[in-house]
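Everything on this sheet refers to the single structure shown next.
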Amino acid sequence: MKVAIAYYSSHHGNTKKLLDAIKELYDIKLIDAVECRETDLSEYDLIGFASGTYFGKFDRGVVEFAKNNLPSGKWVFLINTYGLKGANTKELERIIEKGNCRLLGTYGCRGFD
């Protein structure tokens with residue numbers, strides 16, 4: 001199974017630290033959603049979107065990346081790190097639903113704040 005995770009990590013780098021730990025255990029492709037705004041994700045079976053929580057939401061760059069690059073019919077998961085509480089995922093959920101994709105789950109954890 002081919003897996004890609006598009007992410008944005010800033011401030012303390014909590015999200016990137018989490019993704020690096022996952023990458024040590026699994027063969028995944030990490031894509032910085034801000035540096036690489038367009039990419040063909042059609043070859044991936046499972047696509048993740050990860051971000052720190054900014055004002056209660058996923059980073060705007062990750063949301064735009066999902067809107068512009070998520071192929072239809074894919075399995076998707078979400079990861080967020082936060083200081084006080086997790087991110088509202090409704091906007092990403094709408095993008096996933098619109099693309100006839102299936103949201104497998106969401107994981108959030110507290111990071112250094």
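All residue names refer to the structure tokens as shown: chains lettered A, B, ... in order, residues numbered from 1 in each chain, ligands numbered from 1 in order.
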
* Could you pull the residues within 7 Å of A:Asn69, counting only C-alpha atoms, minus those fewer than 6 positions along the same chain, as number ranges by chain? -> A: 38-41

* **Within 6 Å of stretch 2-15 of chain A using only C-alpha atoms, minus same-chain residues under 3 positions, as JSON, numbers by chain** => {"A": [18, 28, 29, 30, 31, 32, 33, 44, 45, 46, 47, 48, 49, 50, 51, 52, 81, 111]}

Please dump the current selection as a tab-separated table (two decimals), in the first residue's frame; keep all heavy atoms.
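What landed in out.tsv:
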chain	number	residue	atom	x	y	z
A	18	LEU	N	6.13	14.26	14.82
A	18	LEU	CA	5.22	13.12	14.82
A	18	LEU	C	5.33	12.35	13.50
A	18	LEU	O	5.44	11.13	13.49
A	18	LEU	CB	3.79	13.60	15.06
A	18	LEU	CG	2.70	12.55	15.05
A	18	LEU	CD1	2.92	11.49	16.13
A	18	LEU	CD2	1.34	13.22	15.23
A	28	ILE	N	6.46	5.81	3.94
A	28	ILE	CA	5.50	6.83	3.54
A	28	ILE	C	6.21	7.98	2.86
A	28	ILE	O	7.40	8.21	3.07
A	28	ILE	CB	4.69	7.38	4.75
A	28	ILE	CG1	5.62	8.03	5.77
A	28	ILE	CG2	3.84	6.31	5.37
A	28	ILE	CD1	4.89	8.76	6.87
A	29	LYS	N	5.49	8.70	2.04
A	29	LYS	CA	5.99	9.89	1.37
A	29	LYS	C	5.46	11.10	2.12
A	29	LYS	O	4.24	11.26	2.28
A	29	LYS	CB	5.51	9.90	-0.08
A	29	LYS	CG	5.75	11.17	-0.83
A	29	LYS	CD	7.18	11.30	-1.26
A	29	LYS	CE	7.32	12.52	-2.17
A	29	LYS	NZ	8.67	12.78	-2.52
A	30	LEU	N	6.36	11.95	2.62
A	30	LEU	CA	5.96	13.20	3.27
A	30	LEU	C	6.05	14.33	2.27
A	30	LEU	O	7.07	14.49	1.59
A	30	LEU	CB	6.86	13.49	4.47
A	30	LEU	CG	6.78	12.50	5.63
A	30	LEU	CD1	7.74	12.91	6.74
A	30	LEU	CD2	5.36	12.38	6.16
A	31	ILE	N	5.00	15.12	2.19
A	31	ILE	CA	4.93	16.24	1.24
A	31	ILE	C	4.64	17.51	2.01
A	31	ILE	O	3.58	17.63	2.64
A	31	ILE	CB	3.81	16.00	0.19
A	31	ILE	CG1	4.04	14.68	-0.55
A	31	ILE	CG2	3.73	17.19	-0.76
A	31	ILE	CD1	2.82	14.20	-1.32
A	32	ASP	N	5.56	18.46	1.97
A	32	ASP	CA	5.34	19.76	2.60
A	32	ASP	C	4.34	20.51	1.74
A	32	ASP	O	4.65	20.91	0.61
A	32	ASP	CB	6.65	20.52	2.73
A	32	ASP	CG	6.50	21.82	3.49
A	32	ASP	OD1	5.48	22.53	3.31
A	32	ASP	OD2	7.41	22.15	4.26
A	33	ALA	N	3.13	20.71	2.24
A	33	ALA	CA	2.04	21.30	1.46
A	33	ALA	C	2.29	22.76	1.09
A	33	ALA	O	1.66	23.27	0.17
A	33	ALA	CB	0.72	21.18	2.21
A	44	TYR	N	-1.16	6.91	-4.96
A	44	TYR	CA	-1.21	6.55	-3.54
A	44	TYR	C	-2.57	5.95	-3.18
A	44	TYR	O	-3.61	6.43	-3.62
A	44	TYR	CB	-0.91	7.77	-2.67
A	44	TYR	CG	0.50	8.26	-2.88
A	44	TYR	CD1	0.77	9.30	-3.75
A	44	TYR	CD2	1.56	7.63	-2.23
A	44	TYR	CE1	2.06	9.73	-3.97
A	44	TYR	CE2	2.87	8.06	-2.45
A	44	TYR	CZ	3.11	9.10	-3.32
A	44	TYR	OH	4.40	9.51	-3.55
A	45	ASP	N	-2.52	4.90	-2.36
A	45	ASP	CA	-3.74	4.23	-1.92
A	45	ASP	C	-4.36	4.93	-0.71
A	45	ASP	O	-5.58	4.91	-0.53
A	45	ASP	CB	-3.42	2.78	-1.51
A	45	ASP	CG	-2.74	2.02	-2.63
A	45	ASP	OD1	-3.35	1.89	-3.70
A	45	ASP	OD2	-1.59	1.58	-2.43
A	46	LEU	N	-3.50	5.51	0.12
A	46	LEU	CA	-3.92	6.13	1.37
A	46	LEU	C	-3.25	7.50	1.46
A	46	LEU	O	-2.03	7.60	1.28
A	46	LEU	CB	-3.50	5.24	2.54
A	46	LEU	CG	-3.84	5.67	3.95
A	46	LEU	CD1	-5.34	5.83	4.14
A	46	LEU	CD2	-3.29	4.64	4.95
A	47	ILE	N	-4.04	8.54	1.72
A	47	ILE	CA	-3.52	9.90	1.75
A	47	ILE	C	-3.88	10.55	3.07
A	47	ILE	O	-5.05	10.54	3.49
A	47	ILE	CB	-4.08	10.73	0.58
A	47	ILE	CG1	-3.70	10.08	-0.75
A	47	ILE	CG2	-3.60	12.18	0.65
A	47	ILE	CD1	-4.43	10.62	-1.95
A	48	GLY	N	-2.87	11.11	3.73
A	48	GLY	CA	-3.10	11.80	4.98
A	48	GLY	C	-2.86	13.29	4.84
A	48	GLY	O	-2.09	13.74	3.99
A	49	PHE	N	-3.52	14.04	5.67
A	49	PHE	CA	-3.31	15.49	5.77
A	49	PHE	C	-3.03	15.80	7.22
A	49	PHE	O	-3.78	15.39	8.11
A	49	PHE	CB	-4.53	16.26	5.26
A	49	PHE	CG	-4.80	16.01	3.80
A	49	PHE	CD1	-5.82	15.17	3.40
A	49	PHE	CD2	-4.01	16.61	2.84
A	49	PHE	CE1	-6.05	14.92	2.07
A	49	PHE	CE2	-4.23	16.36	1.48
A	49	PHE	CZ	-5.25	15.51	1.10
A	50	ALA	N	-1.92	16.49	7.47
A	50	ALA	CA	-1.48	16.74	8.84
A	50	ALA	C	-1.11	18.21	9.02
A	50	ALA	O	-0.53	18.82	8.13
A	50	ALA	CB	-0.29	15.85	9.18
A	51	SER	N	-1.41	18.72	10.21
A	51	SER	CA	-1.14	20.13	10.48
A	51	SER	C	-1.17	20.38	11.98
A	51	SER	O	-1.84	19.65	12.72
A	51	SER	CB	-2.20	20.99	9.80
A	51	SER	OG	-2.12	22.34	10.19
A	52	GLY	N	-0.49	21.42	12.37
A	52	GLY	CA	-0.72	21.96	13.70
A	52	GLY	C	-2.08	22.62	13.69
A	52	GLY	O	-2.69	22.83	12.64
A	81	THR	N	-1.80	18.31	15.56
A	81	THR	CA	-1.19	18.55	16.87
A	81	THR	C	-1.74	19.88	17.37
A	81	THR	O	-2.13	20.74	16.58
A	81	THR	CB	0.34	18.59	16.78
A	81	THR	OG1	0.75	19.60	15.86
A	81	THR	CG2	0.90	17.24	16.33
A	111	GLY	N	0.96	18.85	21.49
A	111	GLY	CA	2.37	19.08	21.22
A	111	GLY	C	2.90	20.10	22.21
A	111	GLY	O	2.16	20.67	23.01

Those in chain A with strand (DSSP E) from DSSP, as a tab-separated table (two decimals) with N, CA and C atoms, in the first residue's frame:
chain	number	residue	atom	x	y	z
A	3	VAL	N	1.49	5.14	0.66
A	3	VAL	CA	0.92	6.14	1.57
A	3	VAL	C	1.67	7.46	1.42
A	4	ALA	N	0.91	8.55	1.34
A	4	ALA	CA	1.48	9.90	1.32
A	4	ALA	C	0.79	10.74	2.38
A	5	ILE	N	1.57	11.63	3.00
A	5	ILE	CA	1.00	12.57	3.96
A	5	ILE	C	1.44	13.97	3.58
A	6	ALA	N	0.47	14.83	3.29
A	6	ALA	CA	0.74	16.24	3.02
A	6	ALA	C	0.59	16.98	4.33
A	7	TYR	N	1.56	17.81	4.67
A	7	TYR	CA	1.57	18.43	5.99
A	7	TYR	C	2.08	19.87	5.96
A	8	TYR	N	1.84	20.54	7.07
A	8	TYR	CA	2.48	21.81	7.38
A	8	TYR	C	2.83	21.78	8.85
A	28	ILE	N	6.46	5.81	3.94
A	28	ILE	CA	5.50	6.83	3.54
A	28	ILE	C	6.21	7.98	2.86
A	29	LYS	N	5.49	8.70	2.04
A	29	LYS	CA	5.99	9.89	1.37
A	29	LYS	C	5.46	11.10	2.12
A	30	LEU	N	6.36	11.95	2.62
A	30	LEU	CA	5.96	13.20	3.27
A	30	LEU	C	6.05	14.33	2.27
A	31	ILE	N	5.00	15.12	2.19
A	31	ILE	CA	4.93	16.24	1.24
A	31	ILE	C	4.64	17.51	2.01
A	32	ASP	N	5.56	18.46	1.97
A	32	ASP	CA	5.34	19.76	2.60
A	32	ASP	C	4.34	20.51	1.74
A	46	LEU	N	-3.50	5.51	0.12
A	46	LEU	CA	-3.92	6.13	1.37
A	46	LEU	C	-3.25	7.50	1.46
A	47	ILE	N	-4.04	8.54	1.72
A	47	ILE	CA	-3.52	9.90	1.75
A	47	ILE	C	-3.88	10.55	3.07
A	48	GLY	N	-2.87	11.11	3.73
A	48	GLY	CA	-3.10	11.80	4.98
A	48	GLY	C	-2.86	13.29	4.84
A	49	PHE	N	-3.52	14.04	5.67
A	49	PHE	CA	-3.31	15.49	5.77
A	49	PHE	C	-3.03	15.80	7.22
A	50	ALA	N	-1.92	16.49	7.47
A	50	ALA	CA	-1.48	16.74	8.84
A	50	ALA	C	-1.11	18.21	9.02
A	51	SER	N	-1.41	18.72	10.21
A	51	SER	CA	-1.14	20.13	10.48
A	51	SER	C	-1.17	20.38	11.98
A	52	GLY	N	-0.49	21.42	12.37
A	52	GLY	CA	-0.72	21.96	13.70
A	52	GLY	C	-2.08	22.62	13.69
A	53	THR	N	-2.58	22.93	14.86
A	53	THR	CA	-3.88	23.60	14.96
A	53	THR	C	-3.64	25.10	15.11
A	54	TYR	N	-4.22	25.85	14.19
A	54	TYR	CA	-4.05	27.31	14.17
A	54	TYR	C	-5.42	27.95	14.28
A	57	LYS	N	-8.17	25.44	13.66
A	57	LYS	CA	-8.32	24.84	12.33
A	57	LYS	C	-7.00	24.29	11.82
A	58	PHE	N	-7.10	23.45	10.79
A	58	PHE	CA	-5.92	23.02	10.06
A	58	PHE	C	-5.33	24.22	9.33
A	75	TRP	N	-8.74	6.65	0.12
A	75	TRP	CA	-8.86	6.55	1.57
A	75	TRP	C	-8.03	7.66	2.16
A	76	VAL	N	-8.57	8.34	3.17
A	76	VAL	CA	-7.93	9.53	3.72
A	76	VAL	C	-7.93	9.47	5.25
A	77	PHE	N	-6.90	10.05	5.85
A	77	PHE	CA	-6.87	10.21	7.30
A	77	PHE	C	-6.33	11.60	7.63
A	78	LEU	N	-6.61	12.06	8.84
A	78	LEU	CA	-6.20	13.39	9.28
A	78	LEU	C	-5.40	13.27	10.58
A	79	ILE	N	-4.36	14.10	10.70
A	79	ILE	CA	-3.54	14.17	11.90
A	79	ILE	C	-3.39	15.64	12.28
A	80	ASN	N	-3.57	15.95	13.57
A	80	ASN	CA	-3.32	17.32	14.00
A	80	ASN	C	-2.66	17.33	15.37
A	81	THR	N	-1.80	18.31	15.56
A	81	THR	CA	-1.19	18.55	16.87
A	81	THR	C	-1.74	19.88	17.37
A	82	TYR	N	-1.77	20.02	18.68
A	82	TYR	CA	-2.40	21.22	19.24
A	82	TYR	C	-1.81	21.57	20.58
A	102	ARG	N	-13.02	8.38	1.28
A	102	ARG	CA	-13.49	7.85	2.56
A	102	ARG	C	-12.54	8.27	3.68
A	103	LEU	N	-13.07	8.98	4.66
A	103	LEU	CA	-12.29	9.38	5.83
A	103	LEU	C	-12.21	8.19	6.78
A	104	LEU	N	-11.00	7.65	6.95
A	104	LEU	CA	-10.81	6.49	7.80
A	104	LEU	C	-10.71	6.85	9.27
A	105	GLY	N	-10.20	8.06	9.56
A	105	GLY	CA	-10.11	8.47	10.95
A	105	GLY	C	-9.30	9.73	11.13
A	106	THR	N	-9.35	10.23	12.34
A	106	THR	CA	-8.62	11.46	12.71
A	106	THR	C	-7.85	11.18	13.98
A	107	TYR	N	-6.60	11.65	14.01
A	107	TYR	CA	-5.78	11.51	15.20
A	107	TYR	C	-5.26	12.90	15.59
A	108	GLY	N	-5.40	13.23	16.83
A	108	GLY	CA	-4.89	14.50	17.34
A	108	GLY	C	-4.13	14.25	18.62
A	109	CYS	N	-3.04	14.97	18.81
A	109	CYS	CA	-2.31	14.87	20.06
A	109	CYS	C	-1.73	16.21	20.43
A	110	ARG	N	-1.53	16.37	21.71
A	110	ARG	CA	-0.96	17.60	22.22
A	110	ARG	C	0.52	17.67	21.89

* To do: Using DSSP on the backbone coordinates, identify the residues of chain A assigned to helix (DSSP H, G or I); present them as a PyMOL selection string.
  => chain A and resi 14-25+60-69+90-98

* Show which residues sit within 6 Å of stretch 71-74 of chain A, as an MDAnalysis selection string. Count only C-alpha atoms, and ignore same-chain residues fewer than 2 positions away. => chainID A and resid 42 99:101

* Asked: For the atom pair atom CA of A:Ala66 and atom CA of A:Leu25, what is the interatomic distance in Å to one decimal place?
  -> 24.6 Å

* Distance of atom CA of A:Gly86 from atom CA of A:Val62, expressed in Å to one decimal place ->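 A separation of 15.6 Å between them.
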
* Can you work out the spacing between atom CA of A:Glu97 and atom CA of A:Met1 in Å, to one decimal? => 21.8 Å

* **For A:Gly83, the nearest of the candidates A:Lys17, A:Phe55, A:Arg37, A:Lys23, counting only C-alpha atoms** =>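 Checking each of A:Lys17, A:Phe55, A:Arg37, A:Lys23 against A:Gly83, counting only C-alpha atoms, the winner is A:Phe55.
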